[in-house]
$ cat structure_2.txt   # compact mmCIF, C-alpha atoms
# COMPACT_ATOMS: atom_id res chain seq x y z
CA MET A 1 -21.84 -130.96 -84.56
CA ASN A 2 -20.94 -132.31 -81.42
CA ASP A 3 -19.65 -135.69 -82.01
CA LYS A 4 -18.48 -136.55 -78.62
CA LYS A 5 -18.36 -140.17 -78.04
CA GLU A 6 -19.45 -141.21 -74.66
CA GLU A 7 -17.39 -143.80 -73.01
CA ILE A 8 -19.28 -146.95 -72.34
CA THR A 9 -18.52 -148.62 -69.06
CA VAL A 10 -19.28 -152.29 -68.61
CA CYS A 11 -19.62 -154.28 -65.33
CA LYS A 12 -16.42 -156.29 -64.87
CA ARG A 13 -18.33 -159.19 -63.41
CA CYS A 14 -21.41 -159.71 -65.51
CA GLY A 15 -20.76 -157.51 -68.57
CA ARG A 16 -23.84 -155.25 -68.28
CA THR A 17 -23.58 -151.73 -69.54
CA LEU A 18 -23.39 -149.23 -66.69
CA THR A 19 -25.06 -145.85 -66.72
CA LYS A 20 -23.65 -142.71 -65.15
CA GLU A 21 -26.04 -143.21 -62.23
CA ASP A 22 -24.70 -146.74 -61.74
CA LEU A 23 -21.14 -145.42 -61.66
CA ILE A 24 -22.06 -142.64 -59.23
CA ALA A 25 -23.93 -145.09 -56.96
CA SER A 26 -21.00 -147.51 -56.98
CA GLY A 27 -18.48 -144.81 -56.10
CA GLY A 28 -16.82 -145.14 -59.50
CA LEU A 29 -16.33 -148.91 -59.28
CA PRO A 30 -17.08 -150.75 -62.52
CA TYR A 31 -19.75 -153.09 -61.04
CA CYS A 32 -23.52 -153.06 -61.40
CA ASN A 33 -25.80 -152.99 -58.33
CA GLN A 34 -26.50 -156.72 -58.42
CA CYS A 35 -22.80 -157.65 -58.69
CA ARG A 36 -21.88 -155.24 -55.88
CA ILE A 37 -24.50 -156.91 -53.66
CA GLU A 38 -23.18 -160.37 -54.54
CA LEU A 39 -19.55 -159.32 -53.94
CA ALA A 40 -20.48 -157.78 -50.61
CA GLN A 41 -22.32 -160.98 -49.64
CA GLN A 42 -19.29 -163.09 -50.59
CA TYR A 43 -17.04 -160.82 -48.53
CA ILE A 44 -19.37 -161.12 -45.54
CA ASP A 45 -19.57 -164.91 -45.93
CA LYS A 46 -15.77 -165.22 -46.08
CA LYS A 47 -15.42 -163.02 -43.01
CA ASP A 48 -18.04 -165.09 -41.19
CA MET A 49 -16.18 -168.29 -42.07
CA LYS A 50 -12.92 -166.86 -40.73
CA ASP A 51 -14.67 -165.68 -37.57
CA LYS A 52 -16.22 -169.13 -37.09
CA LYS A 53 -12.82 -170.81 -37.49
CA VAL A 54 -11.26 -168.43 -34.99
CA THR A 55 -14.20 -168.95 -32.64
CA LYS A 56 -13.86 -172.75 -32.94
CA GLN A 57 -10.12 -172.54 -32.24
CA VAL A 58 -10.70 -170.24 -29.28
CA SER A 59 -13.50 -172.44 -27.93
CA LYS A 60 -11.32 -175.58 -28.22
CA HIS A 61 -8.48 -173.76 -26.49
CA THR A 62 -10.85 -172.48 -23.81
CA LYS A 63 -12.30 -175.96 -23.25
CA VAL A 64 -8.81 -177.40 -22.80
CA ILE A 65 -7.90 -174.66 -20.34
CA ASP A 66 -11.18 -175.14 -18.45
CA ALA A 67 -10.56 -178.89 -18.24
CA LEU A 68 -7.03 -178.30 -16.94
CA LYS A 69 -8.37 -175.86 -14.36
CA TRP A 70 -10.84 -178.48 -13.11
CA VAL A 71 -8.14 -181.15 -12.97
CA ALA A 72 -5.85 -178.81 -11.02
CA LEU A 73 -8.68 -177.77 -8.70
CA SER A 74 -9.59 -181.41 -8.04
CA PHE A 75 -5.96 -182.37 -7.44
CA PHE A 76 -5.34 -179.57 -4.97
CA SER A 77 -8.67 -180.21 -3.22
CA VAL A 78 -7.73 -183.85 -2.68
CA LEU A 79 -4.27 -182.77 -1.53
CA ILE A 80 -5.76 -180.36 1.02
CA ILE A 81 -8.16 -183.03 2.31
CA ILE A 82 -5.36 -185.59 2.69
CA ASN A 83 -3.12 -183.06 4.47
CA SER A 84 -5.99 -182.12 6.78
CA ILE A 85 -6.55 -185.76 7.69
CA VAL A 86 -2.84 -186.29 8.33
CA LEU A 87 -2.62 -183.17 10.52
CA ILE A 88 -5.71 -184.18 12.50
CA ARG A 89 -4.26 -187.64 13.08
CA ILE A 90 -0.93 -186.14 14.16
CA PHE A 91 -2.40 -183.65 16.61
CA ILE A 92 -5.26 -185.72 18.00
CA HIS A 93 -4.13 -189.32 17.85
CA ASN A 94 -0.38 -188.95 18.38
CA LYS A 95 -0.27 -188.00 22.04
CA GLU A 96 2.52 -189.58 24.02
CA VAL A 97 1.17 -191.91 26.65
CA GLU A 98 3.21 -193.48 29.38
CA PHE A 99 2.96 -197.16 28.65
CA THR A 100 3.91 -199.95 30.99
CA PRO A 101 3.73 -203.38 29.45
CA PRO A 102 1.33 -205.53 31.49
CA GLU A 103 3.80 -208.47 31.60
CA LEU A 104 6.16 -206.62 33.97
CA SER A 105 6.15 -207.51 37.63
CA LYS A 106 5.48 -204.94 40.33
CA ASP A 107 9.16 -205.01 41.25
CA ALA A 108 10.15 -204.31 37.61
CA ILE A 109 7.71 -201.40 37.53
CA MET A 110 9.24 -200.03 40.76
CA CYS A 111 12.71 -200.41 39.22
CA MET A 112 11.50 -198.49 36.14
CA ALA A 113 10.20 -195.74 38.45
CA ASN A 114 13.65 -195.51 40.06
CA LEU A 115 15.21 -195.27 36.59
CA GLY A 116 12.74 -192.45 35.85
CA GLU A 117 14.10 -190.53 38.86
CA ILE A 118 17.65 -191.24 37.70
CA SER A 119 16.71 -189.94 34.24
CA GLU A 120 15.77 -186.58 35.80
CA LEU A 121 19.17 -186.45 37.51
CA LEU A 122 20.93 -187.26 34.21
CA LYS A 123 19.02 -184.46 32.48
CA ALA A 124 20.32 -182.09 35.16
CA GLY A 125 23.86 -183.36 34.48
CA GLU A 126 24.17 -185.28 37.77
CA LEU A 127 25.04 -188.90 38.44
CA PRO A 128 22.69 -190.99 40.59
CA PRO A 129 23.62 -191.43 44.25
CA ASP A 130 24.23 -194.90 45.69
CA THR A 131 21.11 -194.46 47.83
CA ILE A 132 18.83 -195.18 44.86
CA ILE A 133 18.83 -198.98 44.71
CA CYS A 134 17.06 -201.78 42.83
CA PRO A 135 13.98 -202.78 44.88
CA VAL A 136 14.62 -206.52 44.36
CA SER A 137 18.40 -206.94 44.72
CA GLY A 138 19.02 -203.95 47.02
CA LYS A 139 22.13 -203.06 44.98
CA PRO A 140 22.86 -199.58 43.54
CA TYR A 141 22.36 -199.06 39.80
CA ILE A 142 25.33 -199.60 37.46
CA VAL A 143 26.67 -196.40 35.85
CA ARG A 144 28.66 -196.59 32.59
CA ILE A 145 29.82 -193.85 30.24
CA VAL A 146 29.84 -195.00 26.60
CA GLU A 147 30.67 -192.65 23.71
CA GLY A 148 29.78 -189.57 25.75
CA ASP A 149 26.44 -190.99 26.94
CA THR A 150 25.86 -191.83 30.59
CA ILE A 151 23.99 -195.15 30.83
CA VAL A 152 22.45 -196.34 34.10
CA SER A 153 21.14 -199.91 34.28
CA CYS A 154 19.61 -202.29 36.80
CA PRO A 155 22.29 -204.41 38.54
CA ASN A 156 20.20 -207.62 38.30
CA PRO A 157 17.60 -207.41 35.49
CA GLU A 158 17.23 -211.21 35.48
CA LEU A 159 15.50 -210.95 38.89
CA HIS A 160 12.77 -209.00 37.04
CA HIS A 161 12.73 -211.70 34.32
CA LEU A 162 14.34 -209.26 31.86
CA LYS A 163 17.58 -209.14 29.87
CA ASN A 164 18.20 -205.47 30.56
CA LEU A 165 16.52 -202.47 32.16
CA TRP A 166 18.26 -199.14 31.59
CA VAL A 167 18.09 -195.39 31.00
CA SER A 168 20.61 -192.89 29.58
CA ALA A 169 21.10 -189.18 29.14
CA LYS A 170 20.37 -189.53 25.41
CA HIS A 171 17.40 -191.89 25.99
CA PRO A 172 15.62 -190.44 29.04
CA LYS A 173 12.76 -192.98 29.08
CA PRO A 174 13.50 -196.27 30.82
CA GLU A 175 14.11 -199.02 28.25
CA VAL A 176 13.20 -202.69 28.72
CA GLU A 177 14.80 -205.67 26.96
CA LYS A 178 13.07 -209.01 27.40

$ encode --input "structure_2.txt" --output "structure tokens"
Amino acid sequence: MNDKKEEITVCKRCGRTLTKEDLIASGGLPYCNQCRIELAQQYIDKKDMKDKKVTKQVSKHTKVIDALKWVALSFFSVLIIINSIVLIRIFIHNKEVEFTPPELSKDAIMCMANLGEISELLKAGELPPDTIICPVSGKPYIVRIVEGDTIVSCPNPELHHLKNLWVSAKHPKPEVEK
């Protein structure tokens, strides 16, 4: 008599008795079909929860990066616009214009023109000749050398109702002091 005792396998989760078919279907794992389905569902749910957490973290991180990109883009756009405006103002509105104050007399303007000619001579490294004279006083311009700069001034600026009228090698435009 064959008195072989069959081993009885029980589901570790619910305690049901498992048949050989159940063991074969489960790949030798001691779980019934229903428990395997529930365990698989729990595994999937846990994985989904982890994926959602990671997705939330990534989406928060991405939103922060996107916001920083927009802030940087806005900042640099404003910077470019401001620089463009500054450059336009420099190149268009900053042209040097010869300006003669309207309060100067015709004689003072003629004296300034003479100083303009003298300025050209100073640029060339020459001193003005005595033939260039103030149109009011008829005297030649006063030449002084101060700290390596040649300064030429009107001999009688008070006749032009000014304190001083001069030009120098370092300051080639005629200067007026009232």

$ residues_around --input "structure_2.txt" --residues "stretch 35-40 of chain A" --least-positions-apart "3" --cutoff "8 Å" --atoms "only C-alpha atoms" --output "MDAnalysis selection string"
chainID A and resid 13:14 26 31:32 43:44

$ atom_distance --input "structure_2.txt" --atom1 "atom CA of A:Pro30" --atom2 "atom CA of A:Asp48"
25.7 Å

$ closest_atom_pairs --input "structure_2.txt" --of "stretch 42-107 of chain A" --to "stretch 126-149 of chain A" --cutoff "12 Å" --atoms "only C-alpha atoms" --output "tab-separated table"
residue	atom	partner	partner_atom	distance
A:Ser105	CA	A:Val136	CA	10.9
A:Lys106	CA	A:Pro135	CA	9.9
A:Asp107	CA	A:Pro135	CA	6.4

$ atom_distance --input "structure_2.txt" --atom1 "atom CA of A:Cys154" --atom2 "atom CA of A:Trp166"
6.2 Å

$ atom_distance --input "structure_2.txt" --atom1 "atom CA of A:Glu158" --atom2 "atom CA of A:Gly116"
19.3 Å

$ residues_around --input "structure_2.txt" --residues "A:Lys163" --least-positions-apart "5" --cutoff "7 Å" --atoms "only C-alpha atoms" --output "VMD selection string"
chain A and resid 157 to 158 177 to 178

$ closest_residue --input "structure_2.txt" --among "A:Val152, A:Val176, A:Leu73, A:Val58" --to "A:Glu103" --atoms "only C-alpha atoms"
A:Val176

$ closest_residue --input "structure_2.txt" --among "A:Ile82, A:Pro172, A:Leu121, A:Leu159" --to "A:Leu104" --atoms "only C-alpha atoms"
A:Leu159

$ decode --input "structure_2.txt" --residues "stretch 128-156 of chain A" --atoms "N, CA and C atoms" --output "JSON list (two decimals), in the first residue's frame"
[["chain", "number", "residue", "atom", "x", "y", "z"],
["A", 128, "PRO", "N", 51.11, 131.76, -32.14],
["A", 128, "PRO", "CA", 50.44, 132.72, -33.03],
["A", 128, "PRO", "C", 51.35, 133.91, -33.35],
["A", 129, "PRO", "N", 51.26, 134.41, -34.57],
["A", 129, "PRO", "CA", 52.06, 135.59, -34.91],
["A", 129, "PRO", "C", 51.42, 136.85, -34.30],
["A", 130, "ASP", "N", 52.21, 137.91, -34.22],
["A", 130, "ASP", "CA", 51.70, 139.17, -33.67],
["A", 130, "ASP", "C", 50.72, 139.85, -34.61],
["A", 131, "THR", "N", 50.57, 139.32, -35.81],
["A", 131, "THR", "CA", 49.65, 139.95, -36.77],
["A", 131, "THR", "C", 48.19, 139.61, -36.47],
["A", 132, "ILE", "N", 47.95, 138.54, -35.70],
["A", 132, "ILE", "CA", 46.57, 138.24, -35.31],
["A", 132, "ILE", "C", 46.31, 139.05, -34.04],
["A", 133, "ILE", "N", 45.36, 140.01, -34.16],
["A", 133, "ILE", "CA", 45.12, 140.93, -33.05],
["A", 133, "ILE", "C", 43.65, 140.92, -32.65],
["A", 134, "CYS", "N", 43.39, 141.41, -31.44],
["A", 134, "CYS", "CA", 42.02, 141.54, -30.93],
["A", 134, "CYS", "C", 41.32, 142.61, -31.77],
["A", 135, "PRO", "N", 40.12, 142.34, -32.28],
["A", 135, "PRO", "CA", 39.45, 143.31, -33.15],
["A", 135, "PRO", "C", 39.02, 144.60, -32.42],
["A", 136, "VAL", "N", 38.93, 144.59, -31.12],
["A", 136, "VAL", "CA", 38.49, 145.78, -30.38],
["A", 136, "VAL", "C", 39.69, 146.62, -29.93],
["A", 137, "SER", "N", 40.67, 145.98, -29.27],
["A", 137, "SER", "CA", 41.80, 146.73, -28.72],
["A", 137, "SER", "C", 42.91, 146.93, -29.73],
["A", 138, "GLY", "N", 42.99, 146.07, -30.75],
["A", 138, "GLY", "CA", 44.06, 146.15, -31.74],
["A", 138, "GLY", "C", 45.39, 145.63, -31.22],
["A", 139, "LYS", "N", 45.40, 144.99, -30.06],
["A", 139, "LYS", "CA", 46.63, 144.46, -29.46],
["A", 139, "LYS", "C", 46.77, 142.97, -29.79],
["A", 140, "PRO", "N", 48.00, 142.46, -29.87],
["A", 140, "PRO", "CA", 48.19, 141.02, -30.11],
["A", 140, "PRO", "C", 47.76, 140.21, -28.88],
["A", 141, "TYR", "N", 47.42, 138.96, -29.12],
["A", 141, "TYR", "CA", 46.95, 138.08, -28.04],
["A", 141, "TYR", "C", 48.11, 137.73, -27.10],
["A", 142, "ILE", "N", 47.78, 137.53, -25.82],
["A", 142, "ILE", "CA", 48.78, 137.22, -24.79],
["A", 142, "ILE", "C", 49.04, 135.71, -24.81],
["A", 143, "VAL", "N", 50.34, 135.35, -24.89],
["A", 143, "VAL", "CA", 50.73, 133.94, -24.92],
["A", 143, "VAL", "C", 51.43, 133.61, -23.61],
["A", 144, "ARG", "N", 50.94, 132.56, -22.90],
["A", 144, "ARG", "CA", 51.57, 132.10, -21.66],
["A", 144, "ARG", "C", 51.72, 130.59, -21.75],
["A", 145, "ILE", "N", 52.80, 130.09, -21.15],
["A", 145, "ILE", "CA", 53.00, 128.64, -21.07],
["A", 145, "ILE", "C", 52.91, 128.26, -19.60],
["A", 146, "VAL", "N", 51.89, 127.45, -19.27],
["A", 146, "VAL", "CA", 51.64, 127.05, -17.88],
["A", 146, "VAL", "C", 51.56, 125.53, -17.83],
["A", 147, "GLU", "N", 52.45, 124.92, -17.05],
["A", 147, "GLU", "CA", 52.48, 123.47, -16.85],
["A", 147, "GLU", "C", 52.45, 122.71, -18.18],
["A", 148, "GLY", "N", 53.23, 123.16, -19.13],
["A", 148, "GLY", "CA", 53.37, 122.48, -20.41],
["A", 148, "GLY", "C", 52.23, 122.75, -21.38],
["A", 149, "ASP", "N", 51.30, 123.63, -21.03],
["A", 149, "ASP", "CA", 50.18, 123.97, -21.90],
["A", 149, "ASP", "C", 50.33, 125.41, -22.36],
["A", 150, "THR", "N", 50.22, 125.62, -23.67],
["A", 150, "THR", "CA", 50.31, 126.97, -24.22],
["A", 150, "THR", "C", 48.92, 127.59, -24.18],
["A", 151, "ILE", "N", 48.77, 128.70, -23.46],
["A", 151, "ILE", "CA", 47.49, 129.37, -23.32],
["A", 151, "ILE", "C", 47.57, 130.73, -24.01],
["A", 152, "VAL", "N", 46.59, 130.99, -24.88],
["A", 152, "VAL", "CA", 46.53, 132.27, -25.59],
["A", 152, "VAL", "C", 45.22, 132.93, -25.19],
["A", 153, "SER", "N", 45.31, 134.19, -24.71],
["A", 153, "SER", "CA", 44.09, 134.87, -24.26],
["A", 153, "SER", "C", 44.00, 136.27, -24.86],
["A", 154, "CYS", "N", 42.78, 136.79, -24.82],
["A", 154, "CYS", "CA", 42.51, 138.14, -25.33],
["A", 154, "CYS", "C", 43.21, 139.16, -24.41],
["A", 155, "PRO", "N", 43.85, 140.19, -24.99],
["A", 155, "PRO", "CA", 44.57, 141.15, -24.15],
["A", 155, "PRO", "C", 43.62, 142.05, -23.33],
["A", 156, "ASN", "N", 42.41, 142.27, -23.80],
["A", 156, "ASN", "CA", 41.46, 143.13, -23.08],
["A", 156, "ASN", "C", 40.05, 142.52, -23.11]]
